[in-house]
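J.: Pasting data39.txt below, which is compact mmCIF, C-alpha atoms.
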# COMPACT_ATOMS: atom_id res chain seq x y z
CA MET A 1 3.88 -6.67 -57.72
CA SER A 2 7.24 -5.50 -56.45
CA SER A 3 7.82 -2.22 -54.72
CA GLY A 4 9.98 -1.10 -57.64
CA THR A 5 7.06 -1.57 -60.02
CA ASP A 6 4.79 0.41 -57.69
CA LEU A 7 7.34 3.22 -57.57
CA ASP A 8 7.63 3.22 -61.36
CA GLU A 9 3.85 3.50 -61.67
CA HIS A 10 3.73 6.41 -59.23
CA LEU A 11 6.56 8.22 -61.00
CA SER A 12 4.95 7.56 -64.35
CA LEU A 13 1.69 9.02 -63.07
CA LEU A 14 3.48 12.15 -61.82
CA ARG A 15 5.29 12.48 -65.14
CA ARG A 16 1.98 12.33 -66.97
CA ARG A 17 0.54 15.04 -64.73
CA TRP A 18 3.72 17.05 -64.36
CA LEU A 19 2.05 20.28 -65.43
CA LEU A 20 -0.56 20.01 -62.67
CA LEU A 21 2.11 19.01 -60.12
CA VAL A 22 4.46 21.85 -61.05
CA GLY A 23 1.58 24.32 -61.05
CA CYS A 24 0.57 23.36 -57.51
CA VAL A 25 4.18 23.54 -56.28
CA VAL A 26 4.63 26.99 -57.82
CA PHE A 27 1.30 28.10 -56.36
CA GLY A 28 2.28 26.80 -52.91
CA GLY A 29 5.64 28.57 -53.01
CA THR A 30 4.02 31.80 -54.21
CA ALA A 31 1.37 31.57 -51.50
CA GLY A 32 4.08 31.04 -48.88
CA LEU A 33 6.01 34.09 -50.08
CA ALA A 34 2.83 36.18 -50.21
CA LEU A 35 1.88 35.11 -46.70
CA MET A 36 5.36 36.01 -45.50
CA ARG A 37 5.06 39.47 -47.06
CA LEU A 38 1.62 39.97 -45.49
CA THR A 39 2.77 38.83 -42.04
CA PRO A 40 4.06 41.78 -40.01
CA PRO A 41 7.62 41.34 -38.74
CA SER A 42 8.19 40.57 -35.07
CA TYR A 43 11.33 40.89 -32.97
CA THR A 44 12.50 38.71 -30.09
CA ALA A 45 14.70 39.98 -27.26
CA THR A 46 16.19 37.67 -24.60
CA THR A 47 17.47 38.34 -21.10
CA GLN A 48 19.70 35.73 -19.48
CA VAL A 49 19.26 35.25 -15.72
CA LEU A 50 21.55 33.15 -13.53
CA VAL A 51 19.40 31.59 -10.80
CA MET A 52 21.01 30.97 -7.39
CA PRO A 53 19.82 28.85 -4.45
CA ILE A 54 18.24 30.81 -1.60
CA GLY A 55 18.43 29.82 2.07
CA PRO A 56 18.70 26.27 3.36
CA GLN A 57 18.34 23.56 0.74
CA GLU A 58 14.76 22.50 0.23
CA PRO A 59 13.95 18.79 0.75
CA ALA A 60 12.19 18.75 -2.65
CA ASN A 61 15.33 20.02 -4.39
CA GLN A 62 17.88 17.48 -3.27
CA VAL A 63 20.95 17.15 -5.49
CA THR A 64 20.75 13.83 -7.38
CA ASN A 65 22.28 12.27 -10.48
CA ARG A 66 19.56 13.85 -12.59
CA GLN A 67 19.41 17.19 -10.77
CA ARG A 68 22.86 18.53 -10.07
CA GLU A 69 21.76 21.97 -8.90
CA ALA A 70 20.23 22.68 -5.50
CA LEU A 71 17.18 24.11 -7.27
CA ASN A 72 14.73 22.97 -9.92
CA LEU A 73 15.13 25.11 -13.05
CA ASP A 74 11.97 23.71 -14.66
CA THR A 75 9.97 24.93 -11.67
CA GLU A 76 11.70 28.30 -11.81
CA ALA A 77 10.85 28.59 -15.51
CA GLN A 78 7.19 28.05 -14.74
CA VAL A 79 7.36 30.66 -11.98
CA ALA A 80 8.91 33.16 -14.40
CA GLN A 81 5.94 32.63 -16.77
CA SER A 82 3.33 32.84 -14.01
CA ALA A 83 0.59 35.45 -13.82
CA VAL A 84 2.10 36.89 -10.63
CA VAL A 85 5.36 37.77 -12.38
CA ALA A 86 3.45 39.08 -15.43
CA ALA A 87 1.34 41.35 -13.19
CA ARG A 88 4.46 42.69 -11.44
CA ALA A 89 6.11 43.36 -14.83
CA ALA A 90 2.94 45.10 -16.06
CA ARG A 91 2.98 47.41 -13.02
CA THR A 92 6.62 48.23 -13.69
CA LEU A 93 5.93 49.01 -17.35
CA GLY A 94 2.67 50.82 -16.67
CA LEU A 95 0.76 48.50 -19.01
CA ALA A 96 -2.45 46.62 -18.55
CA VAL A 97 -1.26 43.45 -20.30
CA PRO A 98 2.35 42.99 -21.43
CA GLU A 99 3.45 40.79 -24.30
CA PRO A 100 3.59 37.03 -23.58
CA VAL A 101 6.91 35.73 -22.30
CA GLU A 102 8.74 32.53 -23.17
CA VAL A 103 11.21 31.01 -20.73
CA SER A 104 13.64 28.25 -21.69
CA VAL A 105 16.39 26.43 -19.83
CA PRO A 106 19.61 25.54 -21.66
CA PRO A 107 20.75 21.97 -20.91
CA ASN A 108 22.99 21.41 -17.89
CA SER A 109 22.84 25.01 -16.72
CA ALA A 110 21.28 27.19 -14.02
CA VAL A 111 20.36 29.93 -16.49
CA LEU A 112 16.92 31.07 -17.60
CA TRP A 113 16.40 32.64 -21.03
CA ILE A 114 13.51 35.07 -20.70
CA SER A 115 12.33 36.05 -24.20
CA VAL A 116 9.65 38.48 -25.32
CA THR A 117 8.43 38.86 -28.91
CA ALA A 118 6.89 42.14 -30.03
CA ALA A 119 6.36 44.16 -33.17
CA ASP A 120 8.87 46.80 -32.01
CA PRO A 121 12.44 45.75 -31.12
CA ALA A 122 12.74 48.33 -28.32
CA VAL A 123 9.48 47.18 -26.77
CA ALA A 124 10.64 43.56 -26.87
CA ALA A 125 13.92 44.40 -25.12
CA THR A 126 12.22 46.59 -22.49
CA GLN A 127 9.60 44.01 -21.63
CA SER A 128 12.15 41.20 -21.50
CA ARG A 129 14.21 43.15 -18.95
CA ALA A 130 11.03 43.98 -17.02
CA TYR A 131 10.07 40.29 -16.85
CA ALA A 132 13.57 39.39 -15.60
CA GLU A 133 13.51 42.07 -12.90
CA ALA A 134 9.98 41.10 -11.89
CA TYR A 135 10.98 37.45 -11.62
CA LEU A 136 14.02 38.24 -9.44
CA ALA A 137 12.01 40.61 -7.27
CA HIS A 138 9.26 38.03 -6.84
CA ARG A 139 11.80 35.35 -6.00
CA ARG A 140 13.52 37.61 -3.45
CA GLU A 141 10.21 38.59 -1.88
CA SER A 142 9.09 34.97 -1.71
CA ALA A 143 12.40 33.96 -0.13
CA LEU A 144 12.23 36.73 2.51
CA THR A 145 8.64 35.84 3.33
CA SER A 146 9.52 32.16 3.64
CA MET A 147 12.54 32.88 5.84
CA ALA A 148 10.50 35.21 8.07
CA GLU A 149 7.92 32.50 8.55
CA GLN A 150 10.66 30.00 9.37
CA GLN A 151 12.20 32.42 11.87
CA GLU A 152 8.84 32.91 13.56
CA ALA A 153 8.32 29.17 13.74
CA VAL A 154 11.80 28.57 15.20
CA LEU A 155 11.40 31.42 17.67
CA SER A 156 8.02 30.12 18.80
CA LYS A 157 9.46 26.67 19.28
CA LEU A 158 12.41 28.15 21.22
CA LYS A 159 10.05 29.98 23.53
CA GLN A 160 8.21 26.72 24.24
CA VAL A 161 11.47 24.94 25.01
CA ASN A 162 12.61 27.76 27.33
CA ALA A 163 9.28 27.61 29.14
CA GLY A 164 9.80 23.88 29.60
CA ILE A 165 13.27 24.47 30.99
CA ASP A 166 11.91 26.96 33.53
CA LEU A 167 9.29 24.48 34.61
CA VAL A 168 11.85 21.70 35.06
CA ILE A 169 14.08 24.00 37.15
CA LYS A 170 11.18 24.79 39.46
CA GLN A 171 10.46 21.07 39.81
CA LEU A 172 14.09 20.33 40.70
CA ASP A 173 13.93 22.75 43.62
CA GLY A 174 11.24 20.65 45.27
CA LEU A 175 12.81 17.24 44.64
CA THR A 176 15.28 15.38 46.80
CA LYS A 177 18.66 14.94 45.28
CA GLY A 178 19.42 11.33 44.48
CA SER A 179 15.79 10.35 44.17
CA PRO A 180 14.52 8.82 40.91
CA GLU A 181 12.24 11.83 40.28
CA HIS A 182 15.20 14.18 40.58
CA ALA A 183 17.23 12.11 38.11
CA ILE A 184 14.40 12.10 35.54
CA ALA A 185 13.91 15.85 35.88
CA THR A 186 17.64 16.41 35.48
CA GLN A 187 17.70 14.29 32.31
CA ARG A 188 14.73 16.17 30.90
CA GLN A 189 16.43 19.47 31.60
CA GLY A 190 19.47 18.35 29.61
CA VAL A 191 17.33 17.36 26.63
CA LEU A 192 15.52 20.70 26.67
CA ASN A 193 18.81 22.56 26.93
CA ARG A 194 20.13 20.81 23.82
CA GLN A 195 16.91 21.56 21.92
CA ALA A 196 17.15 25.18 22.93
CA ALA A 197 20.74 25.38 21.75
CA ASN A 198 19.90 23.84 18.36
CA LEU A 199 16.93 26.17 17.88
CA ALA A 200 19.03 29.16 18.78
CA LEU A 201 21.63 28.17 16.21
CA LYS A 202 18.98 27.65 13.56
CA TYR A 203 17.39 31.01 14.36
CA ASP A 204 20.72 32.76 14.06
CA ALA A 205 21.42 30.98 10.76
CA LEU A 206 18.09 32.12 9.31
CA ARG A 207 18.74 35.68 10.35
CA THR A 208 22.18 35.72 8.75
CA VAL A 209 21.29 34.04 5.43
CA ALA A 210 22.08 36.25 2.44
CA VAL A 211 19.10 36.45 0.08
CA THR A 212 20.45 36.43 -3.49
CA PRO A 213 17.70 35.25 -5.87
CA GLY A 214 19.91 35.54 -8.94
CA THR A 215 21.58 37.96 -11.26
CA VAL A 216 21.19 39.13 -14.84
CA ILE A 217 24.14 37.93 -16.87
CA GLY A 218 22.84 39.06 -20.26
CA GLN A 219 20.77 42.20 -20.74
CA ALA A 220 18.24 42.19 -23.56
CA THR A 221 19.06 44.59 -26.37
CA PRO A 222 16.81 45.67 -29.25
CA PRO A 223 17.30 43.09 -32.02
CA THR A 224 18.41 44.34 -35.41
CA ALA A 225 16.72 41.62 -37.48
CA PRO A 226 13.19 40.24 -37.12
CA SER A 227 12.78 36.75 -35.74
CA SER A 228 9.70 36.13 -37.87
CA PRO A 229 8.49 35.68 -40.51
CA SER A 230 11.21 33.30 -41.60
CA LEU A 231 11.83 32.89 -45.33
CA PRO A 232 12.93 29.22 -45.14
CA LEU A 233 9.95 28.35 -42.95
CA TYR A 234 7.30 30.05 -45.07
CA LEU A 235 8.79 29.11 -48.43
CA GLY A 236 9.51 25.52 -47.38
CA THR A 237 6.02 25.13 -45.94
CA GLY A 238 4.44 26.55 -49.08
CA LEU A 239 6.47 24.30 -51.38
CA MET A 240 5.74 21.21 -49.29
CA ALA A 241 2.04 22.03 -49.14
CA GLY A 242 2.04 22.61 -52.91
CA LEU A 243 3.85 19.31 -53.48
CA LEU A 244 1.34 17.40 -51.38
CA LEU A 245 -1.60 19.18 -52.99
CA GLY A 246 -0.16 18.67 -56.46
CA SER A 247 0.43 14.97 -55.84
CA ALA A 248 -3.11 14.52 -54.56
CA ALA A 249 -4.53 16.48 -57.49
CA ALA A 250 -2.42 14.49 -59.96
CA TYR A 251 -3.63 11.20 -58.51
CA ALA A 252 -7.25 12.37 -58.49
CA ARG A 253 -7.02 13.71 -62.03
CA ASP A 254 -5.38 10.53 -63.26
CA ARG A 255 -7.99 8.33 -61.61
CA LEU A 256 -10.85 10.38 -63.06
CA ASP A 257 -9.27 10.42 -66.52
CA THR A 258 -9.96 7.07 -68.18
CA ARG A 259 -7.94 7.77 -71.32
CA LEU A 260 -5.38 5.14 -72.19
CA ARG A 261 -1.97 6.74 -72.51
CA THR A 262 0.48 3.86 -72.28
CA PRO A 263 0.40 0.13 -73.01
CA ALA A 264 0.54 -0.42 -69.25
CA ASP A 265 -2.71 1.55 -68.93
CA VAL A 266 -4.33 -0.75 -71.47
CA GLU A 267 -3.42 -3.87 -69.54
CA ARG A 268 -4.23 -2.31 -66.17
CA LEU A 269 -7.59 -0.74 -67.03
CA THR A 270 -8.96 -3.14 -69.65
CA GLY A 271 -7.27 -6.45 -68.87
CA LEU A 272 -6.43 -6.99 -72.54
CA PRO A 273 -2.95 -8.24 -73.43
CA VAL A 274 -0.93 -5.85 -75.57
CA LEU A 275 0.40 -7.76 -78.57
CA ALA A 276 2.57 -4.88 -79.82
CA ASP A 277 3.18 -1.20 -79.23
CA LEU A 278 3.50 0.76 -82.48
CA SER A 279 3.53 4.19 -80.83
CA SER A 280 7.27 4.26 -80.25
CA PRO A 281 10.01 3.73 -82.83
CA ARG A 282 9.66 0.13 -83.88
CA GLU A 283 12.41 -2.35 -83.43
CA HIS A 284 13.45 -4.67 -86.20
CA GLY A 285 11.04 -7.58 -86.61
CA VAL A 286 8.26 -6.20 -84.42
CA LEU A 287 5.66 -6.59 -87.19
CA HIS A 288 6.70 -10.17 -87.79
CA GLU A 289 6.42 -10.89 -84.06
CA LEU A 290 3.01 -9.25 -84.05
CA ALA A 291 1.91 -11.39 -86.97
CA CYS A 292 3.13 -14.54 -85.22
CA ALA A 293 1.29 -13.58 -82.04
CA VAL A 294 -1.94 -12.91 -83.92
CA VAL A 295 -1.78 -16.17 -85.87
CA SER A 296 -1.00 -18.10 -82.69
CA ALA A 297 -3.86 -16.53 -80.73
CA CYS A 298 -6.56 -16.53 -83.40
CA PRO A 299 -8.77 -19.62 -83.01
CA GLY A 300 -10.09 -19.46 -86.60
CA LYS A 301 -9.27 -18.06 -90.01
CA ARG A 302 -11.17 -14.74 -89.95
CA LEU A 303 -9.66 -11.92 -87.93
CA LEU A 304 -11.54 -8.70 -87.30
CA VAL A 305 -9.39 -5.57 -86.81
CA ARG A 306 -11.32 -2.89 -84.88
CA ALA A 307 -9.79 0.57 -84.59
CA LEU A 308 -10.58 2.79 -81.59
CA PRO A 309 -11.28 5.59 -82.17
CA ALA A 310 -12.83 4.94 -85.53
CA ASP A 311 -10.97 7.80 -87.19
CA LEU A 312 -7.61 6.28 -86.28
CA TYR A 313 -7.53 5.32 -89.97
CA ALA A 314 -7.85 8.11 -92.47
CA SER A 315 -10.68 6.14 -94.08
CA SER A 316 -12.07 2.67 -93.75
CA LEU A 317 -11.28 -0.25 -96.02
CA ALA A 318 -13.70 -0.75 -98.86
CA GLU A 319 -14.04 -4.50 -98.44
CA PRO A 320 -12.45 -7.34 -96.51
CA LEU A 321 -9.00 -8.17 -97.80
CA ALA A 322 -8.48 -11.86 -98.16
CA VAL A 323 -5.13 -13.28 -97.23
CA SER A 324 -4.58 -16.59 -98.93
CA ALA A 325 -2.82 -18.10 -95.92
CA PRO A 326 -3.59 -18.44 -93.17
CA LEU A 327 -6.05 -15.62 -92.18
CA VAL A 328 -8.75 -13.46 -93.70
CA VAL A 329 -8.52 -9.93 -92.35
CA LEU A 330 -11.83 -8.14 -91.73
CA ASP A 331 -12.14 -4.45 -90.95
CA GLY A 332 -15.85 -4.25 -90.14
CA SER A 333 -16.85 -2.37 -93.30
CA ASP A 334 -18.97 -5.32 -94.43
CA VAL A 335 -22.15 -5.96 -92.44
CA ARG A 336 -21.21 -9.66 -92.36
CA ASP A 337 -17.82 -9.10 -90.76
CA LEU A 338 -19.07 -9.21 -87.18
CA ALA A 339 -20.95 -12.46 -87.80
CA ARG A 340 -18.09 -14.11 -89.70
CA ALA A 341 -15.23 -13.10 -87.45
CA ASP A 342 -13.59 -15.86 -85.42
CA ALA A 343 -11.51 -13.42 -83.32
CA ALA A 344 -10.73 -9.74 -83.07
CA VAL A 345 -7.75 -7.47 -82.51
CA LEU A 346 -8.25 -3.95 -81.17
CA LEU A 347 -6.10 -1.17 -82.59
CA LEU A 348 -6.09 1.48 -79.84
CA GLY A 349 -5.00 5.07 -80.30
CA LEU A 350 -3.12 6.06 -77.15
CA GLY A 351 -4.32 9.31 -75.65
CA ARG A 352 -7.47 9.28 -77.78
CA VAL A 353 -9.50 6.36 -76.50
CA THR A 354 -10.82 5.73 -73.00
CA SER A 355 -11.17 2.52 -71.06
CA VAL A 356 -14.95 3.02 -71.10
CA GLU A 357 -15.00 2.93 -74.91
CA VAL A 358 -12.79 -0.15 -74.94
CA ALA A 359 -15.06 -1.87 -72.41
CA ALA A 360 -18.11 -1.06 -74.55
CA THR A 361 -16.42 -2.56 -77.62
CA VAL A 362 -15.43 -5.66 -75.64
CA ARG A 363 -19.05 -6.12 -74.51
CA GLN A 364 -20.32 -5.66 -78.07
CA LEU A 365 -17.95 -8.28 -79.44
CA ALA A 366 -18.77 -10.61 -76.54
CA ARG A 367 -22.48 -10.44 -77.39
CA HIS A 368 -21.58 -11.77 -80.84
CA ASP A 369 -19.24 -14.44 -79.42
CA VAL A 370 -16.15 -12.81 -80.93
CA PRO A 371 -13.16 -13.32 -78.62
CA ILE A 372 -10.51 -10.63 -78.45
CA VAL A 373 -7.00 -12.01 -78.76
CA GLY A 374 -5.32 -8.76 -77.74
CA ALA A 375 -4.69 -5.13 -78.48
CA VAL A 376 -2.21 -3.17 -80.57
CA THR A 377 -1.40 0.31 -79.32
CA ALA A 378 -0.50 3.28 -81.49
CA THR A 379 -0.42 7.06 -81.34
CA ASP A 380 -2.69 9.44 -83.22
CA ALA A 381 -0.59 8.82 -86.35
CA VAL A 382 -1.66 5.98 -88.60
CA PRO A 383 0.46 3.01 -87.47
CA SER A 384 2.41 0.91 -89.92
CA PHE A 385 0.19 -2.13 -89.74
CA VAL A 386 1.38 -3.57 -93.10
CA PRO A 387 2.01 -6.26 -93.83
CA LEU A 388 0.05 -7.93 -91.05
CA LEU A 389 1.55 -11.29 -91.89
CA GLU A 390 4.89 -11.12 -93.64
CA PRO A 391 6.11 -14.37 -95.24
CA ARG A 392 9.64 -15.45 -94.57
CA PRO A 393 11.65 -17.75 -96.87
CA HIS A 394 12.25 -20.55 -94.35
CA THR A 395 9.20 -20.29 -92.08
CA SER A 396 8.29 -23.61 -90.44
CA LEU A 397 4.95 -25.02 -91.55
CA GLY A 398 4.54 -27.37 -88.59
CA LYS A 399 2.26 -25.11 -86.63
CA LEU A 400 0.11 -24.17 -89.64
CA VAL A 401 -0.31 -27.81 -90.60
CA ALA A 402 -1.02 -28.88 -87.04
CA THR A 403 -3.76 -26.31 -86.63
CA GLY A 404 -5.32 -27.10 -89.99
CA GLU A 405 -4.92 -23.56 -91.20
CA LEU A 406 -2.75 -24.59 -94.11
CA GLU A 407 -3.00 -27.78 -96.15
CA PRO A 408 0.17 -29.86 -96.09
CA SER A 409 0.23 -29.91 -99.88
CA VAL A 410 0.50 -26.12 -100.08
CA SER A 411 3.92 -24.55 -99.78
CA ALA A 412 4.30 -21.24 -97.96
CA GLU A 413 6.88 -20.17 -100.45
CA THR A 414 4.48 -20.80 -103.38
CA THR A 415 1.56 -19.07 -101.61
CA PRO A 416 2.47 -15.43 -101.35
CA MET A 417 0.46 -13.42 -98.82
CA GLN A 418 -1.24 -10.23 -99.80
CA ALA A 419 -0.14 -7.24 -97.76
CA VAL A 420 -2.78 -5.47 -95.69
CA HIS A 421 -2.13 -1.84 -96.57
CA HIS A 422 -3.71 1.11 -94.87
CA PRO A 423 -5.49 3.45 -97.23
CA ARG A 424 -3.85 6.71 -98.09
CA ARG A 425 -4.45 9.53 -95.56
CA PRO A 426 -6.27 12.50 -97.11
CA GLY A 427 -3.98 15.24 -98.19
CA LYS A 428 -0.87 13.06 -98.48
CA PRO A 429 0.73 11.76 -101.71
CA THR A 430 0.54 8.11 -102.54
Would you mind giving the structure from this file in structure tokens?
T.:
Amino acid sequence: MSSGTDLDEHLSLLRRRWLLLVGCVVFGGTAGLALMRLTPPSYTATTQVLVMPIGPQEPANQVTNRQREALNLDTEAQVAQSAVVAARAARTLGLAVPEPVEVSVPPNSAVLWISVTAADPAVAATQSRAYAEAYLAHRRESALTSMAEQQEAVLSKLKQVNAGIDLVIKQLDGLTKGSPEHAIATQRQGVLNRQAANLALKYDALRTVAVTPGTVIGQATPPTAPSSPSLPLYLGTGLMAGLLLGSAAAYARDRLDTRLRTPADVERLTGLPVLADLSSPREHGVLHELACAVVSACPGKRLLVRALPADLYASSLAEPLAVSAPLVVLDGSDVRDLARADAAVLLLGLGRVTSVEVAATVRQLARHDVPIVGAVTATDAVPSFVPLLEPRPHTSLGKLVATGELEPSVSAETTPMQAVHHPRRPGKPT
């Protein structure tokens, strides 16, 4: 089966269950709108902070093709969301626990967006500014602490080098000039002097470094419109959920409903070939084609027509109607019809009969060795099933003669066929 056929079947199923599908979509959209109305509004305020490098460049923050700033903004964003910064902001605000903060980094920038969402716009703006100030204060304090530790380490190392220089000078006083020991001590003194000079320069550089952790380039202001709930988000989610739920419900309902609604359902659920569909406006010659198909498929001369449901006809036929050539049509009103029938045709009322009922009828006919040549579908109205076999002036007799259903000496034009008429429906004029 092609994908186009599968799509047609799915669309046909949804068309059949359109009321259930539309109901679920409307329910989903209504639920989304109701949930949006029940959700209290929240406001988001954002403070923009420009982060600057502090002190000598860290080895872990080398400028590369992927990192063009001398600092790692992703790391700084995590620091801004840390518990230490949150505790400092809480002390500034005088709160036990402030609102959660969200920090994002715009691409190719050294800017942090520090956002706070709260039920009150003024609270959101105040806490966003407090988080930004707490982050900058924490970064400045951390930088000063780190630089003080570096200064202490450099100063300690400088003291050790100076002590070494003093020791070498004392050794030189007791050594003979020109001796190898004096030359080695002199060389060592020069090395220590260079180390001391480098450490002194580094110490001075650390003491003169300007600590600028960053600056606020965009102060948070109380937002005028809520950031959530969002109408497109809630309504779209509700409609999509309703569409999915409606599709699933339509498929489940269609699978549980065994009623035959279309000729395709008959072939798919029962396996019987559909000889003709009389539910739609008939095309010219459809009854003649049906008659030809029935004659071609019937292995004998007695054809049983079984209607499902039984009240598809207004009333049943009083007795079998004999057709002089080539078939005898039986309707099951005679107790001998089931035993005499050589084949059967099922007349199925679409929308009124289920596949279970058709399967039961097929099993009943199979127990009596009555093959079913096919099915004819119709709506709840009485189908125009007359005449079943309509003679035509120049119909070829080759097939009838070859099958033995008509003697060669009998002419079709001189053997008129009786029309199989449906009985009059109650309440309607003849």
J.: What does the distance from atom CA of Pro100 of chain A to atom CA of Val116 of chain A come to in Å, to one decimal?
T.: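 Between atom CA of Pro100 of chain A and atom CA of Val116 of chain A the gap is 6.5 Å.
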J.: How far is it from atom CA of Gly178 of chain A to atom CA of Gln160 of chain A, in Å with one decimal?
T.: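 Pair atom CA of Gly178 of chain A / atom CA of Gln160 of chain A returns 27.8 Å.
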J.: Can you list, as a PyMOL selection string, every protein, DNA or RNA residue that comes within 6 Å of segment 221-225 of chain A when you count all atoms listed in the file, leaving out same-chain residues fewer than 3 positions away?
T.: chain A and resi 121-122+125
J.: For Ala80 of chain A, which of A:Arg194, A:His368, A:Leu112, A:Thr92 is the closest residue, counting all atoms listed in the file?
T.: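 Between A:Arg194, A:His368, A:Leu112, A:Thr92, the residue approaching Ala80 of chain A most closely is A:Leu112.
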J.: Write out, as a Markdown table, each residue of segment 173-274 of chain A that has an atom at most 7 Å from segment 45-50 of chain A, together with the closest pair of atoms and their distance in Å to one decimal, counting only C-alpha atoms, rows going by chain and rising number.
T.:
| residue | atom | partner | partner_atom | distance |
| --- | --- | --- | --- | --- |
| A:Gly214 | CA | A:Leu50 | CA | 5.4 |
| A:Thr215 | CA | A:Leu50 | CA | 5.3 |
| A:Val216 | CA | A:Val49 | CA | 4.4 |
| A:Ile217 | CA | A:Gln48 | CA | 5.6 |
| A:Gly218 | CA | A:Gln48 | CA | 4.6 |
| A:Gln219 | CA | A:Thr47 | CA | 5.1 |
| A:Ala220 | CA | A:Thr47 | CA | 4.6 |
| A:Thr221 | CA | A:Ala45 | CA | 6.4 |
| A:Pro222 | CA | A:Ala45 | CA | 6.4 |
| A:Pro223 | CA | A:Ala45 | CA | 6.3 |
J.: Which distance in Å separates atom CA of Glu141 of chain A and atom CA of Ala210 of chain A, to one decimal?
T.: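 Between atom CA of Glu141 of chain A and atom CA of Ala210 of chain A the gap works out to 12.8 Å.
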J.: Have a look at A:Val79, A:Val168, A:Leu155, A:Ala130 and name the one nearest to Gly94 of chain A; count all atoms listed in the file.
T.: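 Answer, going by the shortest atom-to-atom distance: A:Ala130.
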J.: Using only C-alpha atoms, which protein or nucleic acid residues come within 12 Å of Leu235 of chain A? Drop anything in the same chain fewer than 6 positions from it, and give the result as a PDB file with C-alpha atoms, keeping the file's coordinate frame.
T.:
ATOM      1  CA  VAL A  25       4.180  23.540 -56.280  1.00  0.00           C
ATOM      2  CA  VAL A  26       4.630  26.990 -57.820  1.00  0.00           C
ATOM      3  CA  PHE A  27       1.300  28.100 -56.360  1.00  0.00           C
ATOM      4  CA  GLY A  28       2.280  26.800 -52.910  1.00  0.00           C
ATOM      5  CA  GLY A  29       5.640  28.570 -53.010  1.00  0.00           C
ATOM      6  CA  THR A  30       4.020  31.800 -54.210  1.00  0.00           C
ATOM      7  CA  ALA A  31       1.370  31.570 -51.500  1.00  0.00           C
ATOM      8  CA  GLY A  32       4.080  31.040 -48.880  1.00  0.00           C
ATOM      9  CA  LEU A  33       6.010  34.090 -50.080  1.00  0.00           C
ATOM     10  CA  ALA A  34       2.830  36.180 -50.210  1.00  0.00           C
ATOM     11  CA  LEU A  35       1.880  35.110 -46.700  1.00  0.00           C
ATOM     12  CA  MET A  36       5.360  36.010 -45.500  1.00  0.00           C
ATOM     13  CA  ARG A  37       5.060  39.470 -47.060  1.00  0.00           C
ATOM     14  CA  PRO A 229       8.490  35.680 -40.510  1.00  0.00           C
ATOM     15  CA  ALA A 241       2.040  22.030 -49.140  1.00  0.00           C
ATOM     16  CA  GLY A 242       2.040  22.610 -52.910  1.00  0.00           C
TER      17      GLY A 242
END
J.: Could you add the missing atoms to segment 37-48 of chain A, up to N, CA and C atoms, and return them as a PDB file, in the frame of the given file?
T.:
ATOM      1  N   ARG A  37       5.076  38.026 -46.853  1.00  0.00           N
ATOM      2  CA  ARG A  37       5.060  39.470 -47.060  1.00  0.00           C
ATOM      3  C   ARG A  37       3.901  40.120 -46.307  1.00  0.00           C
ATOM      4  N   LEU A  38       2.784  39.409 -46.186  1.00  0.00           N
ATOM      5  CA  LEU A  38       1.620  39.970 -45.490  1.00  0.00           C
ATOM      6  C   LEU A  38       1.757  39.880 -43.974  1.00  0.00           C
ATOM      7  N   THR A  39       2.597  38.974 -43.486  1.00  0.00           N
ATOM      8  CA  THR A  39       2.770  38.830 -42.040  1.00  0.00           C
ATOM      9  C   THR A  39       3.671  39.936 -41.524  1.00  0.00           C
ATOM     10  N   PRO A  40       3.199  40.697 -40.538  1.00  0.00           N
ATOM     11  CA  PRO A  40       4.060  41.780 -40.010  1.00  0.00           C
ATOM     12  C   PRO A  40       5.265  41.204 -39.298  1.00  0.00           C
ATOM     13  N   PRO A  41       6.408  41.863 -39.392  1.00  0.00           N
ATOM     14  CA  PRO A  41       7.620  41.340 -38.740  1.00  0.00           C
ATOM     15  C   PRO A  41       7.511  41.471 -37.221  1.00  0.00           C
ATOM     16  N   SER A  42       8.125  40.546 -36.531  1.00  0.00           N
ATOM     17  CA  SER A  42       8.190  40.570 -35.070  1.00  0.00           C
ATOM     18  C   SER A  42       9.625  40.349 -34.638  1.00  0.00           C
ATOM     19  N   TYR A  43       9.960  40.915 -33.475  1.00  0.00           N
ATOM     20  CA  TYR A  43      11.330  40.890 -32.970  1.00  0.00           C
ATOM     21  C   TYR A  43      11.337  40.222 -31.597  1.00  0.00           C
ATOM     22  N   THR A  44      12.368  39.436 -31.345  1.00  0.00           N
ATOM     23  CA  THR A  44      12.500  38.710 -30.090  1.00  0.00           C
ATOM     24  C   THR A  44      13.760  39.158 -29.364  1.00  0.00           C
ATOM     25  N   ALA A  45      13.578  39.585 -28.114  1.00  0.00           N
ATOM     26  CA  ALA A  45      14.700  39.980 -27.260  1.00  0.00           C
ATOM     27  C   ALA A  45      14.765  39.019 -26.079  1.00  0.00           C
ATOM     28  N   THR A  46      15.982  38.670 -25.641  1.00  0.00           N
ATOM     29  CA  THR A  46      16.190  37.670 -24.600  1.00  0.00           C
ATOM     30  C   THR A  46      17.088  38.218 -23.508  1.00  0.00           C
ATOM     31  N   THR A  47      16.661  38.001 -22.281  1.00  0.00           N
ATOM     32  CA  THR A  47      17.470  38.340 -21.100  1.00  0.00           C
ATOM     33  C   THR A  47      17.893  37.043 -20.429  1.00  0.00           C
ATOM     34  N   GLN A  48      19.163  36.923 -20.121  1.00  0.00           N
ATOM     35  CA  GLN A  48      19.700  35.730 -19.480  1.00  0.00           C
ATOM     36  C   GLN A  48      19.853  35.990 -17.983  1.00  0.00           C
TER      37      GLN A  48
END
